[in-house]
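Enquirer: My questions will all concern the structure given below.
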Amino acid sequence: MYELHAWVVMPTHVHVIMTPKQPFPEIMRWLKWTTARRCNRLLNRTGAFWQDESFDHWIRTGGELESLIALLKGTQ
């Protein structure tokens, strides 16, 4: 569905850098459904886990990609 370049879990949100190989809304729907199901199972709870919205930023250059990956790796 996508090529994963970097990710970091923050206290209230997640940052993910990926190259989509399918329509982005399909990827987000699958990611949110899958992770919500698994997290709820681990936490022994049910119901909503993620908010409906997401903030998308399309990376435009190789330099921007490298810079953002380095930034995320520095936060882990």
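Labels for the structure tokens follow display order: chains A, B, ..., residues from 1 in each chain, ligands from 1.
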Can you list, as a count of residues only, every residue of chain A that DSSP puts in alpha helix (DSSP H)?
Expert: 34
Enquirer: Can you pull out the residues contacting Leu72 (chain A)? Cut-off 8 Å, using only C-alpha atoms, and skip same-chain residues under 2 positions away; I want them as a PyMOL selection string.
Expert: chain A and resi 6-8+15+68-70+74-76
Enquirer: How would the residues just chosen look if you wrote them out with C-alpha atoms as a PDB file, in the first residue's frame?
Expert:
```
ATOM      1  CA  ALA A   6      10.029   7.116   8.927  1.00  0.00           C
ATOM      2  CA  TRP A   7       7.542   7.332  11.789  1.00  0.00           C
ATOM      3  CA  VAL A   8       7.328   8.520  15.363  1.00  0.00           C
ATOM      4  CA  HIS A  15       4.010  11.423  12.339  1.00  0.00           C
ATOM      5  CA  LEU A  68      12.084  15.533   7.570  1.00  0.00           C
ATOM      6  CA  ILE A  69      13.289  11.948   8.005  1.00  0.00           C
ATOM      7  CA  ALA A  70      16.307  13.232   9.971  1.00  0.00           C
ATOM      8  CA  GLY A  74      16.008  12.828  16.067  1.00  0.00           C
ATOM      9  CA  THR A  75      12.774  12.733  18.103  1.00  0.00           C
ATOM     10  CA  GLN A  76      12.868   9.002  18.827  1.00  0.00           C
TER      11      GLN A  76
END
```
Enquirer: Leaving out His57 (chain A) and any residue of its chain fewer than 5 positions from it, which residues lie within 12 Å of it when counting only C-alpha atoms, given as a VMD selection string?
Expert: chain A and resid 15 to 19 24 64 to 65 68
Enquirer: If you count only C-alpha atoms, which residues fall within 10 Å of Cys39 (chain A), apart from same-chain ones fewer than 6 positions away, as an mmCIF file with C-alpha atoms, in the first residue's frame?
Expert:
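Result file out.cif:
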```cif
data_model
loop_
_atom_site.group_PDB
_atom_site.id
_atom_site.type_symbol
_atom_site.label_atom_id
_atom_site.label_comp_id
_atom_site.auth_asym_id
_atom_site.auth_seq_id
_atom_site.Cartn_x
_atom_site.Cartn_y
_atom_site.Cartn_z
ATOM 1 C CA ARG A 45 -11.176 -1.188 25.540
ATOM 2 C CA THR A 46 -13.532 -0.503 22.631
ATOM 3 C CA PHE A 49 -9.325 5.650 19.078
#
```
Enquirer: To one decimal place in Å, what is the distance between CA of Phe55 (chain A) and CA of Arg38 (chain A)?
Expert: 22.3 Å
Enquirer: Taking only chain A into account, list the residues labelled strand (DSSP E or B) by DSSP (computed from the backbone), as an mmCIF file with C-alpha atoms, in the first residue's frame.
Expert:
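Below you can see result-v2.cif, which holds the result:
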```cif
data_model
loop_
_atom_site.group_PDB
_atom_site.id
_atom_site.type_symbol
_atom_site.label_atom_id
_atom_site.label_comp_id
_atom_site.auth_asym_id
_atom_site.auth_seq_id
_atom_site.Cartn_x
_atom_site.Cartn_y
_atom_site.Cartn_z
ATOM 1 C CA TYR A 2 2.888 2.380 0.760
ATOM 2 C CA GLU A 3 6.625 2.603 1.276
ATOM 3 C CA LEU A 4 7.351 3.613 4.866
ATOM 4 C CA HIS A 5 10.319 5.977 5.291
ATOM 5 C CA ALA A 6 10.029 7.116 8.927
ATOM 6 C CA TRP A 7 7.542 7.332 11.789
ATOM 7 C CA VAL A 8 7.328 8.520 15.363
ATOM 8 C CA VAL A 9 4.582 8.173 17.970
ATOM 9 C CA VAL A 14 1.692 10.166 15.087
ATOM 10 C CA HIS A 15 4.010 11.423 12.339
ATOM 11 C CA VAL A 16 4.469 9.168 9.317
ATOM 12 C CA ILE A 17 6.541 9.736 6.181
ATOM 13 C CA MET A 18 5.493 7.416 3.381
ATOM 14 C CA THR A 19 5.312 7.121 -0.375
ATOM 15 C CA PRO A 20 1.735 6.090 -1.214
#
```
Enquirer: Compare A:Met1, A:Asp56, A:Glu66, A:Lys73 by their minimum atom-to-atom distance to Ile27 (chain A), counting only C-alpha atoms, and give me the closest one.
Expert: A:Met1
Enquirer: Quick one: residues within 12 Å of Gln51 (chain A), only C-alpha atoms, excluding same-chain residues fewer than 2 positions away - as an mmCIF file with C-alpha atoms, in the first residue's frame?
Expert:
```cif
data_model
loop_
_atom_site.group_PDB
_atom_site.id
_atom_site.type_symbol
_atom_site.label_atom_id
_atom_site.label_comp_id
_atom_site.auth_asym_id
_atom_site.auth_seq_id
_atom_site.Cartn_x
_atom_site.Cartn_y
_atom_site.Cartn_z
ATOM 1 C CA THR A 12 -1.123 12.877 21.252
ATOM 2 C CA HIS A 13 -0.469 12.037 17.593
ATOM 3 C CA VAL A 14 1.692 10.166 15.087
ATOM 4 C CA MET A 28 -5.334 6.290 6.021
ATOM 5 C CA ARG A 29 -8.616 4.403 6.474
ATOM 6 C CA LYS A 32 -6.492 4.034 11.394
ATOM 7 C CA TRP A 33 -8.767 0.975 11.444
ATOM 8 C CA ALA A 36 -7.228 1.405 16.491
ATOM 9 C CA GLY A 47 -14.701 2.524 20.688
ATOM 10 C CA ALA A 48 -13.084 5.398 18.867
ATOM 11 C CA PHE A 49 -9.325 5.650 19.078
ATOM 12 C CA GLU A 53 -9.200 14.293 10.642
ATOM 13 C CA SER A 54 -5.573 14.115 9.649
ATOM 14 C CA PHE A 55 -3.078 16.725 8.486
#
```
